[in-house]
Amino acid sequence: MEVIVKKMTTIDDMHEAFESTVRGDTRVKCSLRNAYKWEHSPIRIQMFKIKMIDVPSFVSVHFVRHAAVGQQHYVMSNREDRGGEGNTEVNRLSPVKHTMILNAQHLIDMARRRLCFQASKETRSTMLMIKEEIRKVDPDLAHYMVPNCIYRGGTCSEPKPCGMYIVNSYNGEGDEMARYSRLHPELLPKRGE
């Protein structure tokens with residue numbers, strides 16, 4: 001499987017969006033890191049095209065389920081009249097091409113669910129590949145692409161948690177982030193972020 005990411009907008013586009021939200025000729029200059037941390041609407045102007053090549057069909061479906069207004073998914077058809085294998089040869093492991101056009105907020109939200117250890121191993125692996133490709137074009141965004149338990153400050157909201165946290169009752173005792181970093185270092189921000 002291969003993942004290719006292209007960033008379609010710039011930090012100047014985001015600054016212009018922020019400036020549109022304030023009265024007068026106010027110039028807004030902030031880092032992408034801060035903007036992503038704040039999660040205000042101007043981060044939605046940061047657009048990305050993500051191509052997944054030879055992704056298993058069932059993993060593609062997991063990403064399509066995140067479809068929202070302003071987000072587009074283009075998935076290879078398996079219909080015979082579109083060059084596909086047809087019903088006899090296709091199964092959930094059949095490789096497909098899948099292109100997503102989405103913004104920074106969608107990527108943050110998608111990572112929350114697809115980096116969770118309750119997601120399938122294959123889906124989590126694909127999301128990690130996406131995160132690493134995002135890191136190449138926007139390391140500030142990759143920093144905020146974390147599983148829901150980290151996003152929520154150590155609280156898991158899954159009906160069957162992976163065991164890292166107590167469901168909806170994180171009590172603040174102990175150093176849960178240190179525990180998580182020992183068990184799942186691949187999901188934490190890289191040094192210097």
# chains A, B, ... in the order shown; residues from 1 in each chain; ligands from 1

call {"tool": "residues_around", "arguments": {"residues": "range 40-42 of chain A", "least_positions_apart": "4", "cutoff": "12 Å", "atoms": "only C-alpha atoms", "output": "JSON, numbers by chain"}}
result
{"A": [9, 10, 11, 12, 13, 14, 15, 16, 17, 18, 19, 20, 21, 22, 28, 30, 32, 34, 35, 36, 46, 47, 103, 104, 105, 106]}

call {"tool": "residues_around", "arguments": {"residues": "Ile130 in chain A", "least_positions_apart": "3", "cutoff": "10 Å", "atoms": "only C-alpha atoms", "output": "number ranges by chain"}}
result
A: 2-5, 50-52, 107, 111, 124-127, 133-135, 142, 145

call {"tool": "write_last_selection", "arguments": {"atoms": "C-alpha atoms", "output": "PDB file, in the first residue's frame"}}
result
ATOM      1  CA  GLU A   2       1.131   3.535  -0.713  1.00  0.00           C
ATOM      2  CA  VAL A   3      -0.011   6.899   0.688  1.00  0.00           C
ATOM      3  CA  ILE A   4       0.652  10.190  -1.108  1.00  0.00           C
ATOM      4  CA  VAL A   5      -0.208  13.546   0.486  1.00  0.00           C
ATOM      5  CA  ILE A  50      -4.538  12.172   0.226  1.00  0.00           C
ATOM      6  CA  LYS A  51      -4.222   9.249  -2.170  1.00  0.00           C
ATOM      7  CA  MET A  52      -4.192   5.700  -0.874  1.00  0.00           C
ATOM      8  CA  LEU A 107      -7.745  15.069   9.701  1.00  0.00           C
ATOM      9  CA  ALA A 111      -7.066  10.558  13.555  1.00  0.00           C
ATOM     10  CA  ARG A 124      -4.637   2.106  12.455  1.00  0.00           C
ATOM     11  CA  SER A 125      -1.581   1.262  10.347  1.00  0.00           C
ATOM     12  CA  THR A 126      -3.018   3.172   7.372  1.00  0.00           C
ATOM     13  CA  MET A 127      -3.791   6.192   9.565  1.00  0.00           C
ATOM     14  CA  GLU A 133       3.015  11.697   5.107  1.00  0.00           C
ATOM     15  CA  ILE A 134       1.199  14.699   6.624  1.00  0.00           C
ATOM     16  CA  ARG A 135       4.278  15.252   8.828  1.00  0.00           C
ATOM     17  CA  ALA A 142       0.773  15.845  12.467  1.00  0.00           C
ATOM     18  CA  MET A 145      -3.251  13.885  14.958  1.00  0.00           C
TER      19      MET A 145
END

call {"tool": "atom_distance", "arguments": {"atom1": "CA of Trp38 in chain A", "atom2": "CA of Tyr144 in chain A"}}
result
10.7 Å

call {"tool": "atom_distance", "arguments": {"atom1": "CA of His73 in chain A", "atom2": "CA of Pro56 in chain A"}}
result
15.2 Å

call {"tool": "closest_residue", "arguments": {"among": "A:Phe48, A:Phe63, A:Tyr151, A:Tyr74", "to": "Arg112 in chain A", "atoms": "only C-alpha atoms"}}
result
A:Tyr151

call {"tool": "select_by_dssp", "arguments": {"residues": "range 25-172 of chain A", "states": "helix (DSSP H, G or I)", "output": "number ranges by chain"}}
result
A: 32-38, 41-45, 57-64, 80-82, 104-114, 121-137, 139-143, 148-151
